[in-house]
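So this one's protein_34.cif, mmCIF, C-alpha atoms:
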data_target
loop_
_atom_site.label_atom_id
_atom_site.label_comp_id
_atom_site.auth_asym_id
_atom_site.auth_seq_id
_atom_site.Cartn_x
_atom_site.Cartn_y
_atom_site.Cartn_z
CA MET A 1 99.81 68.34 68.31
CA THR A 2 98.44 70.99 65.91
CA THR A 3 97.40 74.32 67.45
CA ARG A 4 93.81 75.29 66.67
CA GLN A 5 93.63 79.05 66.26
CA ILE A 6 89.86 79.62 65.79
CA THR A 7 90.47 82.71 63.68
CA HIS A 8 87.70 84.34 61.64
CA ASP A 9 89.28 87.69 60.88
CA ALA A 10 92.54 88.36 59.06
CA ALA A 11 93.53 90.87 61.74
CA TYR A 12 94.11 87.94 64.12
CA ASP A 13 95.98 85.61 61.77
CA ALA A 14 98.85 84.08 63.68
CA VAL A 15 102.03 82.13 63.01
CA ALA A 16 104.20 80.02 65.28
CA PRO A 17 106.25 82.14 67.72
CA ASP A 18 109.48 80.87 66.17
CA ASP A 19 108.37 81.46 62.56
CA PHE A 20 110.00 84.84 62.06
CA ALA A 21 110.42 84.08 58.36
CA ALA A 22 106.66 84.63 58.02
CA MET A 23 107.07 88.14 59.45
CA ILE A 24 109.36 89.26 56.63
CA GLU A 25 107.27 87.99 53.75
CA VAL A 26 106.78 90.85 51.32
CA ASP A 27 102.98 90.66 51.16
CA ARG A 28 102.61 91.04 54.94
CA TYR A 29 103.64 94.68 55.11
CA GLY A 30 100.82 95.95 52.92
CA ALA A 31 98.10 93.78 54.48
CA ARG A 32 97.46 96.02 57.48
CA SER A 33 94.05 96.09 59.15
CA ASP A 34 92.73 99.49 60.22
CA ALA A 35 90.76 97.92 63.10
CA PHE A 36 93.20 99.15 65.74
CA ASP A 37 94.24 102.52 64.27
CA LYS A 38 91.97 104.57 66.55
CA ILE A 39 93.23 103.05 69.79
CA ILE A 40 96.84 103.24 68.54
CA SER A 41 96.40 106.92 67.67
CA ALA A 42 94.89 107.64 71.09
CA THR A 43 98.02 106.39 72.88
CA HIS A 44 99.42 109.88 73.35
CA ASP A 45 96.19 110.99 75.06
CA HIS A 46 96.86 108.73 78.04
CA PHE A 47 100.66 108.85 78.24
CA TRP A 48 102.12 108.96 81.73
CA ASP A 49 105.49 108.20 83.26
CA PRO A 50 105.59 106.52 86.69
CA LEU A 51 109.13 107.84 87.20
CA ASP A 52 108.13 111.49 86.69
CA THR A 53 106.71 113.19 89.78
CA LYS A 54 104.52 115.52 87.70
CA TYR A 55 102.34 112.45 87.11
CA ILE A 56 102.71 110.63 90.42
CA ASP A 57 105.01 110.99 93.43
CA PHE A 58 105.76 107.74 95.25
CA SER A 59 107.34 109.61 98.16
CA GLU A 60 103.86 110.71 99.31
CA PRO A 61 103.49 109.42 102.90
CA PHE A 62 100.71 107.40 104.49
CA ASP A 63 100.30 106.51 108.16
CA MET A 64 100.14 102.73 107.72
CA GLU A 65 100.56 102.09 111.44
CA ASN A 66 97.40 103.88 112.49
CA GLU A 67 95.20 104.25 109.40
CA MET A 68 93.57 101.45 107.42
CA MET A 69 94.40 101.58 103.73
CA LEU A 70 91.08 99.89 102.88
CA PRO A 71 87.72 99.88 104.68
CA GLU A 72 87.09 96.81 106.85
CA ASP A 73 84.21 95.62 104.65
CA MET A 74 86.74 94.94 101.88
CA VAL A 75 88.50 92.49 104.21
CA PRO A 76 85.85 89.86 105.07
CA GLU A 77 88.18 87.83 107.31
CA LEU A 78 87.93 90.49 109.99
CA GLN A 79 84.36 89.32 110.68
CA LEU A 80 85.50 85.78 111.56
CA PRO A 81 85.76 84.53 115.16
CA CYS A 82 89.48 83.75 114.94
CA PHE A 83 90.22 87.39 114.09
CA GLN A 84 88.45 88.79 117.13
CA LYS A 85 91.53 88.25 119.26
CA LEU A 86 93.47 90.81 117.22
CA THR A 87 94.09 94.22 118.78
CA GLN A 88 93.09 97.35 116.86
CA LYS A 89 96.74 97.88 115.87
CA GLU A 90 96.90 94.31 114.59
CA ARG A 91 93.69 94.79 112.62
CA VAL A 92 95.16 97.86 110.95
CA ARG A 93 98.29 95.90 110.14
CA PHE A 94 96.26 92.97 108.81
CA VAL A 95 94.36 95.29 106.46
CA SER A 96 97.73 96.65 105.33
CA GLN A 97 99.10 93.16 104.71
CA ASN A 98 95.91 92.18 102.91
CA ALA A 99 96.37 95.22 100.66
CA ARG A 100 99.98 94.14 100.14
CA TRP A 101 98.79 90.70 99.04
CA MET A 102 96.23 92.25 96.71
CA LEU A 103 98.69 94.73 95.18
CA SER A 104 101.30 91.99 94.81
CA ALA A 105 98.77 89.91 92.86
CA ILE A 106 98.05 92.94 90.66
CA LEU A 107 101.79 93.43 90.10
CA HIS A 108 102.18 89.78 89.06
CA GLY A 109 99.16 90.16 86.78
CA GLU A 110 100.72 93.20 85.12
CA ALA A 111 103.94 91.24 84.59
CA GLY A 112 101.82 88.54 82.96
CA ALA A 113 100.10 91.12 80.74
CA LEU A 114 103.52 92.46 79.73
CA GLY A 115 104.74 88.99 78.79
CA LEU A 116 101.53 88.16 76.95
CA SER A 117 101.51 91.40 74.94
CA ALA A 118 105.11 90.79 73.94
CA SER A 119 104.24 87.24 72.91
CA LEU A 120 101.47 88.57 70.64
CA CYS A 121 104.10 90.60 68.80
CA HIS A 122 105.76 87.30 67.88
CA ILE A 123 102.67 85.63 66.47
CA LEU A 124 100.25 88.26 65.08
CA ARG A 125 100.87 88.55 61.35
CA ASP A 126 98.80 91.69 60.77
CA PRO A 127 101.05 94.81 61.12
CA GLY A 128 98.24 96.83 62.76
CA ALA A 129 97.51 94.15 65.35
CA GLN A 130 101.24 93.74 65.94
CA GLU A 131 101.70 97.49 66.44
CA TYR A 132 98.81 97.56 68.91
CA ALA A 133 100.38 94.64 70.83
CA ALA A 134 103.69 96.52 70.93
CA ASN A 135 101.87 99.58 72.28
CA GLN A 136 100.20 97.54 74.99
CA THR A 137 103.55 95.94 75.86
CA ARG A 138 104.94 99.42 76.54
CA GLU A 139 101.94 100.35 78.67
CA GLU A 140 102.06 97.13 80.69
CA ALA A 141 105.74 97.78 81.32
CA ARG A 142 104.93 101.11 82.95
CA HIS A 143 102.27 99.40 85.05
CA VAL A 144 104.91 96.98 86.33
CA THR A 145 107.15 99.96 87.11
CA GLY A 146 104.32 101.84 88.82
CA PHE A 147 103.09 99.01 91.02
CA SER A 148 106.66 97.97 91.83
CA ALA A 149 107.33 101.52 93.01
CA TYR A 150 104.14 101.61 95.09
CA VAL A 151 104.81 98.26 96.76
CA LYS A 152 108.39 99.31 97.47
CA ALA A 153 107.24 102.62 98.98
CA ARG A 154 104.67 100.99 101.27
CA TRP A 155 106.11 97.54 102.13
CA GLY A 156 109.54 97.18 100.56
CA THR A 157 108.88 93.96 98.67
CA PRO A 158 105.87 92.18 97.12
CA LEU A 159 104.48 88.84 98.30
CA PRO A 160 104.80 85.70 96.13
CA CYS A 161 102.20 85.01 93.46
CA GLY A 162 99.43 82.65 94.59
CA ASP A 163 99.28 79.33 92.76
CA THR A 164 95.86 79.97 91.20
CA LEU A 165 96.86 83.24 89.56
CA LYS A 166 100.33 81.93 88.73
CA ASN A 167 98.96 78.87 86.92
CA LEU A 168 96.46 80.95 84.94
CA LEU A 169 99.10 83.48 83.91
CA VAL A 170 101.54 80.78 82.83
CA ASP A 171 98.77 79.06 80.87
CA ILE A 172 97.68 82.10 78.88
CA VAL A 173 101.12 83.65 78.36
CA ASN A 174 102.49 80.36 77.03
CA ALA A 175 99.34 79.51 75.03
CA LYS A 176 99.83 79.30 71.27
CA GLU A 177 96.15 80.01 70.57
CA VAL A 178 95.26 83.67 70.01
CA TYR A 179 91.77 83.17 71.46
CA LYS A 180 93.21 81.95 74.77
CA LYS A 181 95.52 84.94 74.93
CA VAL A 182 92.78 87.45 74.10
CA VAL A 183 90.00 85.90 76.19
CA GLY A 184 92.41 84.98 79.00
CA MET A 185 94.22 88.29 79.32
CA GLN A 186 92.16 91.01 77.61
CA MET A 187 88.90 89.76 79.13
CA LEU A 188 89.45 87.50 82.15
CA VAL A 189 92.53 89.09 83.74
CA GLU A 190 91.82 92.63 82.49
CA GLY A 191 88.18 92.24 83.60
CA LEU A 192 89.32 91.28 87.09
CA ALA A 193 91.83 94.12 87.09
CA MET A 194 89.31 96.78 86.06
CA GLY A 195 87.01 95.65 88.86
CA ALA A 196 89.87 95.67 91.37
CA PHE A 197 91.13 99.07 90.24
CA ALA A 198 87.63 100.58 90.42
CA ALA A 199 87.19 99.17 93.94
CA LEU A 200 90.58 100.52 95.06
CA TYR A 201 89.98 103.91 93.44
CA THR A 202 86.57 104.19 95.09
CA ASN A 203 87.46 102.86 98.55
CA SER A 204 91.17 103.23 99.30
CA LYS A 205 92.18 105.70 101.99
CA ASP A 206 95.64 106.14 100.46
CA PRO A 207 95.59 109.05 97.95
CA LEU A 208 98.72 107.67 96.27
CA LEU A 209 97.01 104.36 95.53
CA VAL A 210 93.92 106.19 94.27
CA ARG A 211 96.04 108.19 91.82
CA LEU A 212 97.99 105.12 90.66
CA THR A 213 94.89 103.04 89.99
CA GLN A 214 93.32 105.85 87.95
CA LEU A 215 96.45 106.28 85.84
CA VAL A 216 96.58 102.55 85.15
CA MET A 217 92.88 102.50 84.28
CA THR A 218 93.45 105.09 81.54
CA ASP A 219 95.51 102.42 79.78
CA GLU A 220 93.42 99.40 80.72
CA ALA A 221 90.27 100.91 79.20
CA PHE A 222 91.98 100.73 75.79
CA HIS A 223 93.29 97.22 76.41
CA HIS A 224 89.70 96.16 77.07
CA LYS A 225 88.73 97.70 73.70
CA PHE A 226 91.25 95.46 71.92
CA GLY A 227 89.47 92.46 73.40
CA LYS A 228 86.09 93.94 72.40
CA ILE A 229 87.25 94.38 68.80
CA TRP A 230 88.33 90.72 68.76
CA ALA A 231 84.95 89.65 70.13
CA ASP A 232 82.97 91.80 67.68
CA ARG A 233 84.89 90.37 64.71
CA THR A 234 85.18 86.78 65.89
CA VAL A 235 82.33 85.61 68.10
CA PRO A 236 79.45 86.16 65.60
CA ASN A 237 81.30 83.98 63.07
CA LEU A 238 82.07 81.03 65.34
CA SER A 239 80.71 77.62 64.55
CA GLU A 240 78.70 75.97 67.32
CA GLU A 241 81.66 73.75 68.19
CA GLU A 242 84.04 76.72 68.34
CA GLN A 243 81.60 78.73 70.47
CA HIS A 244 81.40 75.83 72.91
CA ILE A 245 85.20 75.54 73.08
CA ILE A 246 85.65 79.23 73.93
CA GLU A 247 82.62 79.37 76.28
CA ASP A 248 83.72 76.30 78.21
CA TRP A 249 87.30 77.47 78.53
CA ALA A 250 86.17 80.88 79.83
CA ALA A 251 83.71 79.29 82.29
CA GLU A 252 86.37 76.91 83.58
CA CYS A 253 88.81 79.79 84.14
CA PHE A 254 86.10 81.87 85.84
CA GLN A 255 85.19 79.05 88.21
CA THR A 256 88.82 78.46 89.11
CA LEU A 257 89.32 82.15 89.87
CA LEU A 258 86.07 82.52 91.81
CA PHE A 259 86.75 79.66 94.19
CA ASN A 260 90.51 79.91 94.49
CA LEU A 261 91.75 83.44 93.85
CA VAL A 262 90.93 84.64 97.37
CA ASN A 263 90.92 81.21 98.99
CA PRO A 264 92.55 81.30 102.46
CA GLU A 265 95.14 78.75 101.30
CA GLN A 266 96.38 81.33 98.76
CA LYS A 267 96.81 83.89 101.56
CA LYS A 268 98.36 81.69 104.25
CA VAL A 269 101.61 83.66 104.07
CA ILE A 270 99.69 86.56 105.66
CA TYR A 271 97.82 84.57 108.32
CA GLU A 272 101.05 83.07 109.65
CA GLU A 273 102.25 86.55 110.64
CA PHE A 274 99.27 86.87 112.99
CA GLY A 275 99.47 83.36 114.47
CA LEU A 276 96.44 82.19 112.49
CA ASP A 277 96.07 78.82 110.82
CA TRP A 278 94.81 79.12 107.23
CA GLN A 279 92.74 75.94 107.58
CA GLN A 280 90.89 77.38 110.56
CA VAL A 281 90.31 80.59 108.59
CA GLN A 282 88.99 78.51 105.68
CA THR A 283 86.63 76.53 107.92
CA GLU A 284 85.21 79.70 109.44
CA MET A 285 84.92 81.32 106.00
CA LEU A 286 82.89 78.38 104.69
CA GLU A 287 80.58 78.61 107.71
CA ALA A 288 80.22 82.39 107.55
CA PHE A 289 79.90 83.05 103.82
CA THR A 290 77.52 81.09 101.60
CA ASP A 291 76.69 81.33 97.90
CA GLU A 292 73.97 83.78 98.90
CA ASP A 293 76.55 85.99 100.60
CA ARG A 294 78.73 85.78 97.50
CA LYS A 295 75.74 86.71 95.35
CA GLU A 296 74.95 89.67 97.61
CA ARG A 297 78.53 90.96 97.29
CA MET A 298 78.31 90.64 93.52
CA LYS A 299 75.49 93.19 93.45
CA SER A 300 78.16 95.85 93.90
CA GLY A 301 79.19 97.52 90.65
CA THR A 302 82.86 97.30 91.65
CA ASP A 303 82.84 93.61 92.61
CA ILE A 304 85.64 92.07 90.55
CA PHE A 305 83.68 88.95 89.59
CA ARG A 306 80.59 90.95 88.58
CA VAL A 307 82.80 93.05 86.28
CA LEU A 308 84.32 89.88 84.87
CA ILE A 309 80.92 88.29 84.15
CA LYS A 310 79.72 91.48 82.47
CA THR A 311 82.88 91.55 80.31
CA LEU A 312 82.25 88.00 79.10
CA LEU A 313 78.52 88.63 78.60
CA LYS A 314 79.04 91.75 76.49
CA ALA A 315 81.64 89.91 74.42
CA GLY A 316 79.14 87.18 73.52
CA ILE A 317 81.11 84.53 75.40
CA ILE A 318 78.16 83.82 77.71
CA THR A 319 75.10 82.45 75.89
CA ASP A 320 71.88 80.75 76.99
CA ARG A 321 73.90 77.54 77.18
CA THR A 322 76.21 78.75 79.96
CA LYS A 323 74.13 81.59 81.44
CA PRO A 324 72.65 79.39 84.22
CA PHE A 325 76.16 78.78 85.60
CA TYR A 326 76.82 82.50 86.01
CA ALA A 327 73.22 83.19 87.12
CA THR A 328 74.07 81.37 90.35
CA TYR A 329 75.95 84.50 91.35
CA VAL A 330 74.46 87.50 89.49
CA ASP A 331 71.15 88.58 87.99
CA MET A 332 71.98 88.11 84.31
CA ASP A 333 68.96 90.06 83.06
CA GLU A 334 69.93 93.00 85.24
CA LEU A 335 73.51 92.79 83.98
CA LYS A 336 72.35 92.71 80.36
CA SER A 337 70.11 95.72 80.90
CA GLU A 338 73.03 97.83 82.12
CA GLY A 339 74.24 98.41 78.55
CA ASP A 340 77.84 98.48 77.36
CA HIS A 341 79.05 101.02 79.90
CA MET A 342 81.72 99.38 82.06
CA ILE A 343 82.67 100.17 85.62
CA GLY A 344 85.81 102.22 85.39
CA ASP A 345 85.00 103.96 82.10
CA ASP A 346 84.16 107.23 83.88
CA ILE A 347 87.21 106.95 86.14
CA ALA A 348 89.45 106.33 83.12
CA GLU A 349 87.90 109.25 81.19
CA GLU A 350 88.57 111.65 84.04
CA GLY A 351 92.11 110.27 84.28
CA ILE A 352 92.68 110.91 80.58
CA LYS A 353 91.48 114.50 80.97
CA TYR A 354 93.91 114.92 83.87
CA LEU A 355 96.76 113.56 81.71
CA GLN A 356 95.83 115.76 78.75
CA THR A 357 95.97 118.78 81.03
CA ILE A 358 99.51 117.81 82.07
CA ASN A 359 100.68 116.78 78.60
CA PHE A 360 98.94 119.30 76.36
CA GLY A 361 97.04 121.77 78.51
CA THR A 362 93.76 120.54 76.97
CA ARG A 363 90.88 118.22 77.88
CA THR A 364 88.92 116.08 75.38
CA ASP A 365 86.72 113.01 75.65
CA ALA A 366 89.31 110.67 74.06
CA LEU A 367 87.81 107.43 75.31
CA GLN A 368 84.35 108.40 74.08
CA GLN A 369 85.74 109.41 70.69
CA VAL A 370 87.41 106.03 70.26
CA SER A 371 84.19 104.24 71.29
CA ALA A 372 82.17 106.24 68.77
CA ALA A 373 84.66 105.40 66.03
CA GLU A 374 84.55 101.63 66.59
#

Kindly transcribe the structure held in the file into structure tokens.
Amino acid sequence: MTTRQITHDAAYDAVAPDDFAAMIEVDRYGARSDAFDKIISATHDHFWDPLDTKYIDFSEPFDMENEMMLPEDMVPELQLPCFQKLTQKERVRFVSQNARWMLSAILHGEAGALGLSASLCHILRDPGAQEYAANQTREEARHVTGFSAYVKARWGTPLPCGDTLKNLLVDIVNAKEVYKKVVGMQMLVEGLAMGAFAALYTNSKDPLLVRLTQLVMTDEAFHHKFGKIWADRTVPNLSEEEQHIIEDWAAECFQTLLFNLVNPEQKKVIYEEFGLDWQQVQTEMLEAFTDEDRKERMKSGTDIFRVLIKTLLKAGIITDRTKPFYATYVDMDELKSEGDHMIGDDIAEEGIKYLQTINFGTRTDALQQVSAAE
């Protein structure tokens, strides 16, 4: 079966992952796009090392036994009848285990982003795009190191990857189509991650987790820009058929994530520790939380699915054809009126200034400079 690349810009030309001969053709070396030069050059502005305590110290303690890592309103299960039998100590521990599940999912997602970025190095023919992918590979590797260190410090080991996230990651990492890799990782997964990081940064009671999420966001803001460059150069040139293919694939992935990513079945490994049956939890969740409740939660600027919808909307991947599907959950006109500013941009900018102070003793608006240069 022939792979359909849907490529409208030379910067995203791709070859088969095993066609290394194409990578050493003489004409390739001089055919470099300058589309990614600004974000490549800005790499040093947000350098950090998770193994160097001048950036982050994973030995920083936190009283997990008595203090909740997250506020209770970030853990909706605690409102359910079957959770009322838990003691206060057990509630604190459940919040901790819920955070462990969430951080484990983020760790698996970062491993997926690492694998996907590396796979782009094998197929992107443009030297500039390939160099950017190599840069992102390095940055995703430090995210894996950072979240591994945090999980080890707080819980020892991560929890297994839920089937929904696992299947999506396998699909996009192994995909041969560039559009699936870019839309799947740089927009869907990175969009979810930026929402999750912003929520953790804003709400977590653990200063170590707050610092880690901000450091990671300094990188992720640039990864999002790679996806935006793809969208700006590709989406306006799509045929109607190609637009439908990409729109439908994104909507299908979104729906799968929305209804399954935090489904009680995905989290049953946690419930078992507290003598709770995941099916009972699911039944009570369905009774307690309706589409209206979901829509109310999505009014929050840090809601992960709101951030994801905005990412797709600003990329031109949501049109009048598919807008009604997303409008079930968010006010699309309100979202459109918010402009291009993304949740997390300010957090990332402050993080970059912090890193520049450590690395160079200076502070500049690096993220804003890159945006202005696009």

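We find CA of Gly115 in chain A and CA of Thr137 in chain A to be spaced 7.6 Å apart.
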
*For range 92-96 of chain A, list every protein, DNA or RNA residue within 7 Å, evaluated using only C-alpha atoms, and leave out those in the same chain fewer than 4 positions away; present the list as number ranges by chain.*
A: 64-70, 75, 88, 100

If you count all atoms listed in the file, which residues fall within 10 Å of range 3-17 of chain A, apart from same-chain ones fewer than 3 positions away, as a PDB file with C-alpha atoms, in the frame of the given file?
ATOM      1  CA  PHE A  20     110.000  84.840  62.060  1.00  0.00           C
ATOM      2  CA  ALA A  21     110.420  84.080  58.360  1.00  0.00           C
ATOM      3  CA  ALA A  22     106.660  84.630  58.020  1.00  0.00           C
ATOM      4  CA  MET A  23     107.070  88.140  59.450  1.00  0.00           C
ATOM      5  CA  ALA A  31      98.100  93.780  54.480  1.00  0.00           C
ATOM      6  CA  ARG A  32      97.460  96.020  57.480  1.00  0.00           C
ATOM      7  CA  SER A  33      94.050  96.090  59.150  1.00  0.00           C
ATOM      8  CA  ASP A  34      92.730  99.490  60.220  1.00  0.00           C
ATOM      9  CA  ALA A  35      90.760  97.920  63.100  1.00  0.00           C
ATOM     10  CA  PHE A  36      93.200  99.150  65.740  1.00  0.00           C
ATOM     11  CA  SER A 119     104.240  87.240  72.910  1.00  0.00           C
ATOM     12  CA  LEU A 120     101.470  88.570  70.640  1.00  0.00           C
ATOM     13  CA  CYS A 121     104.100  90.600  68.800  1.00  0.00           C
ATOM     14  CA  HIS A 122     105.760  87.300  67.880  1.00  0.00           C
ATOM     15  CA  ILE A 123     102.670  85.630  66.470  1.00  0.00           C
ATOM     16  CA  LEU A 124     100.250  88.260  65.080  1.00  0.00           C
ATOM     17  CA  ARG A 125     100.870  88.550  61.350  1.00  0.00           C
ATOM     18  CA  ASP A 126      98.800  91.690  60.770  1.00  0.00           C
ATOM     19  CA  PRO A 127     101.050  94.810  61.120  1.00  0.00           C
ATOM     20  CA  GLY A 128      98.240  96.830  62.760  1.00  0.00           C
ATOM     21  CA  ALA A 129      97.510  94.150  65.350  1.00  0.00           C
ATOM     22  CA  GLN A 130     101.240  93.740  65.940  1.00  0.00           C
ATOM     23  CA  ALA A 175      99.340  79.510  75.030  1.00  0.00           C
ATOM     24  CA  LYS A 176      99.830  79.300  71.270  1.00  0.00           C
ATOM     25  CA  GLU A 177      96.150  80.010  70.570  1.00  0.00           C
ATOM     26  CA  VAL A 178      95.260  83.670  70.010  1.00  0.00           C
ATOM     27  CA  TYR A 179      91.770  83.170  71.460  1.00  0.00           C
ATOM     28  CA  LYS A 180      93.210  81.950  74.770  1.00  0.00           C
ATOM     29  CA  TRP A 230      88.330  90.720  68.760  1.00  0.00           C
ATOM     30  CA  ARG A 233      84.890  90.370  64.710  1.00  0.00           C
ATOM     31  CA  THR A 234      85.180  86.780  65.890  1.00  0.00           C
ATOM     32  CA  VAL A 235      82.330  85.610  68.100  1.00  0.00           C
ATOM     33  CA  PRO A 236      79.450  86.160  65.600  1.00  0.00           C
ATOM     34  CA  ASN A 237      81.300  83.980  63.070  1.00  0.00           C
ATOM     35  CA  LEU A 238      82.070  81.030  65.340  1.00  0.00           C
ATOM     36  CA  SER A 239      80.710  77.620  64.550  1.00  0.00           C
ATOM     37  CA  GLU A 242      84.040  76.720  68.340  1.00  0.00           C
ATOM     38  CA  GLN A 243      81.600  78.730  70.470  1.00  0.00           C
ATOM     39  CA  ILE A 245      85.200  75.540  73.080  1.00  0.00           C
ATOM     40  CA  ILE A 246      85.650  79.230  73.930  1.00  0.00           C
TER      41      ILE A 246
END

*Counting only C-alpha atoms, note down every residue that has an atom within 12 Å of the point (96.2, 101.3, 85.1) (file coordinates), as a VMD selection string.*
chain A and resid 46 to 50 106 to 107 109 to 110 113 136 139 to 147 190 193 to 198 200 to 201 209 to 224 344 to 345 347 to 348 351 to 352

Only C-alpha atoms, please: the residues just picked out, written as a short mmCIF file (atom, residue, chain, number, x, y, z; two decimals), in the coordinates of the input.
data_model
loop_
_atom_site.label_atom_id
_atom_site.label_comp_id
_atom_site.auth_asym_id
_atom_site.auth_seq_id
_atom_site.Cartn_x
_atom_site.Cartn_y
_atom_site.Cartn_z
CA HIS A 46 96.86 108.73 78.04
CA PHE A 47 100.66 108.85 78.24
CA TRP A 48 102.12 108.96 81.73
CA ASP A 49 105.49 108.20 83.26
CA PRO A 50 105.59 106.52 86.69
CA ILE A 106 98.05 92.94 90.66
CA LEU A 107 101.79 93.43 90.10
CA GLY A 109 99.16 90.16 86.78
CA GLU A 110 100.72 93.20 85.12
CA ALA A 113 100.10 91.12 80.74
CA GLN A 136 100.20 97.54 74.99
CA GLU A 139 101.94 100.35 78.67
CA GLU A 140 102.06 97.13 80.69
CA ALA A 141 105.74 97.78 81.32
CA ARG A 142 104.93 101.11 82.95
CA HIS A 143 102.27 99.40 85.05
CA VAL A 144 104.91 96.98 86.33
CA THR A 145 107.15 99.96 87.11
CA GLY A 146 104.32 101.84 88.82
CA PHE A 147 103.09 99.01 91.02
CA GLU A 190 91.82 92.63 82.49
CA ALA A 193 91.83 94.12 87.09
CA MET A 194 89.31 96.78 86.06
CA GLY A 195 87.01 95.65 88.86
CA ALA A 196 89.87 95.67 91.37
CA PHE A 197 91.13 99.07 90.24
CA ALA A 198 87.63 100.58 90.42
CA LEU A 200 90.58 100.52 95.06
CA TYR A 201 89.98 103.91 93.44
CA LEU A 209 97.01 104.36 95.53
CA VAL A 210 93.92 106.19 94.27
CA ARG A 211 96.04 108.19 91.82
CA LEU A 212 97.99 105.12 90.66
CA THR A 213 94.89 103.04 89.99
CA GLN A 214 93.32 105.85 87.95
CA LEU A 215 96.45 106.28 85.84
CA VAL A 216 96.58 102.55 85.15
CA MET A 217 92.88 102.50 84.28
CA THR A 218 93.45 105.09 81.54
CA ASP A 219 95.51 102.42 79.78
CA GLU A 220 93.42 99.40 80.72
CA ALA A 221 90.27 100.91 79.20
CA PHE A 222 91.98 100.73 75.79
CA HIS A 223 93.29 97.22 76.41
CA HIS A 224 89.70 96.16 77.07
CA GLY A 344 85.81 102.22 85.39
CA ASP A 345 85.00 103.96 82.10
CA ILE A 347 87.21 106.95 86.14
CA ALA A 348 89.45 106.33 83.12
CA GLY A 351 92.11 110.27 84.28
CA ILE A 352 92.68 110.91 80.58
#

*Tell me which protein, DNA and RNA residues are within 8 Å of range 102-105 of chain A, counting all atoms listed in the file, leaving out same-chain ones fewer than 6 positions away, and put them as a ChimeraX atom specification.*
/A:147,151,158-162,165

*Given the file above and the PyMOL selection byres ((chain A and resi 261) around 12), which residues are selected, and can you give them as a PyMOL selection string?*
chain A and resi 101-102+105-106+161-168+189+192+253-260+262-267+304-305

For those residues, write C-alpha atoms to a file as a compact mmCIF listing (two decimals), in the frame of the given file.
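This is the output file part_7.txt:
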# COMPACT_ATOMS: atom_id res chain seq x y z
CA TRP A 101 98.79 90.70 99.04
CA MET A 102 96.23 92.25 96.71
CA ALA A 105 98.77 89.91 92.86
CA ILE A 106 98.05 92.94 90.66
CA CYS A 161 102.20 85.01 93.46
CA GLY A 162 99.43 82.65 94.59
CA ASP A 163 99.28 79.33 92.76
CA THR A 164 95.86 79.97 91.20
CA LEU A 165 96.86 83.24 89.56
CA LYS A 166 100.33 81.93 88.73
CA ASN A 167 98.96 78.87 86.92
CA LEU A 168 96.46 80.95 84.94
CA VAL A 189 92.53 89.09 83.74
CA LEU A 192 89.32 91.28 87.09
CA CYS A 253 88.81 79.79 84.14
CA PHE A 254 86.10 81.87 85.84
CA GLN A 255 85.19 79.05 88.21
CA THR A 256 88.82 78.46 89.11
CA LEU A 257 89.32 82.15 89.87
CA LEU A 258 86.07 82.52 91.81
CA PHE A 259 86.75 79.66 94.19
CA ASN A 260 90.51 79.91 94.49
CA VAL A 262 90.93 84.64 97.37
CA ASN A 263 90.92 81.21 98.99
CA PRO A 264 92.55 81.30 102.46
CA GLU A 265 95.14 78.75 101.30
CA GLN A 266 96.38 81.33 98.76
CA LYS A 267 96.81 83.89 101.56
CA ILE A 304 85.64 92.07 90.55
CA PHE A 305 83.68 88.95 89.59

Selected by the PyMOL selection byres ((chain A and resi 312) around 10) in the shown coordinates: which residues, as a PDB file with C-alpha atoms, in the coordinates of the input?
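Below is the file expr33.pdb, written as the result:
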ATOM      1  CA  VAL A 183      90.000  85.900  76.190  1.00  0.00           C
ATOM      2  CA  MET A 187      88.900  89.760  79.130  1.00  0.00           C
ATOM      3  CA  LEU A 188      89.450  87.500  82.150  1.00  0.00           C
ATOM      4  CA  GLY A 191      88.180  92.240  83.600  1.00  0.00           C
ATOM      5  CA  LYS A 228      86.090  93.940  72.400  1.00  0.00           C
ATOM      6  CA  ALA A 231      84.950  89.650  70.130  1.00  0.00           C
ATOM      7  CA  GLU A 247      82.620  79.370  76.280  1.00  0.00           C
ATOM      8  CA  ALA A 250      86.170  80.880  79.830  1.00  0.00           C
ATOM      9  CA  ALA A 251      83.710  79.290  82.290  1.00  0.00           C
ATOM     10  CA  PHE A 254      86.100  81.870  85.840  1.00  0.00           C
ATOM     11  CA  VAL A 307      82.800  93.050  86.280  1.00  0.00           C
ATOM     12  CA  LEU A 308      84.320  89.880  84.870  1.00  0.00           C
ATOM     13  CA  ILE A 309      80.920  88.290  84.150  1.00  0.00           C
ATOM     14  CA  LYS A 310      79.720  91.480  82.470  1.00  0.00           C
ATOM     15  CA  THR A 311      82.880  91.550  80.310  1.00  0.00           C
ATOM     16  CA  LEU A 313      78.520  88.630  78.600  1.00  0.00           C
ATOM     17  CA  LYS A 314      79.040  91.750  76.490  1.00  0.00           C
ATOM     18  CA  ALA A 315      81.640  89.910  74.420  1.00  0.00           C
ATOM     19  CA  GLY A 316      79.140  87.180  73.520  1.00  0.00           C
ATOM     20  CA  ILE A 317      81.110  84.530  75.400  1.00  0.00           C
ATOM     21  CA  ILE A 318      78.160  83.820  77.710  1.00  0.00           C
ATOM     22  CA  THR A 319      75.100  82.450  75.890  1.00  0.00           C
TER      23      THR A 319
END

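For the pair CA of Gln79 in chain A and CA of Gly156 in chain A, the interatomic distance is 28.3 Å.
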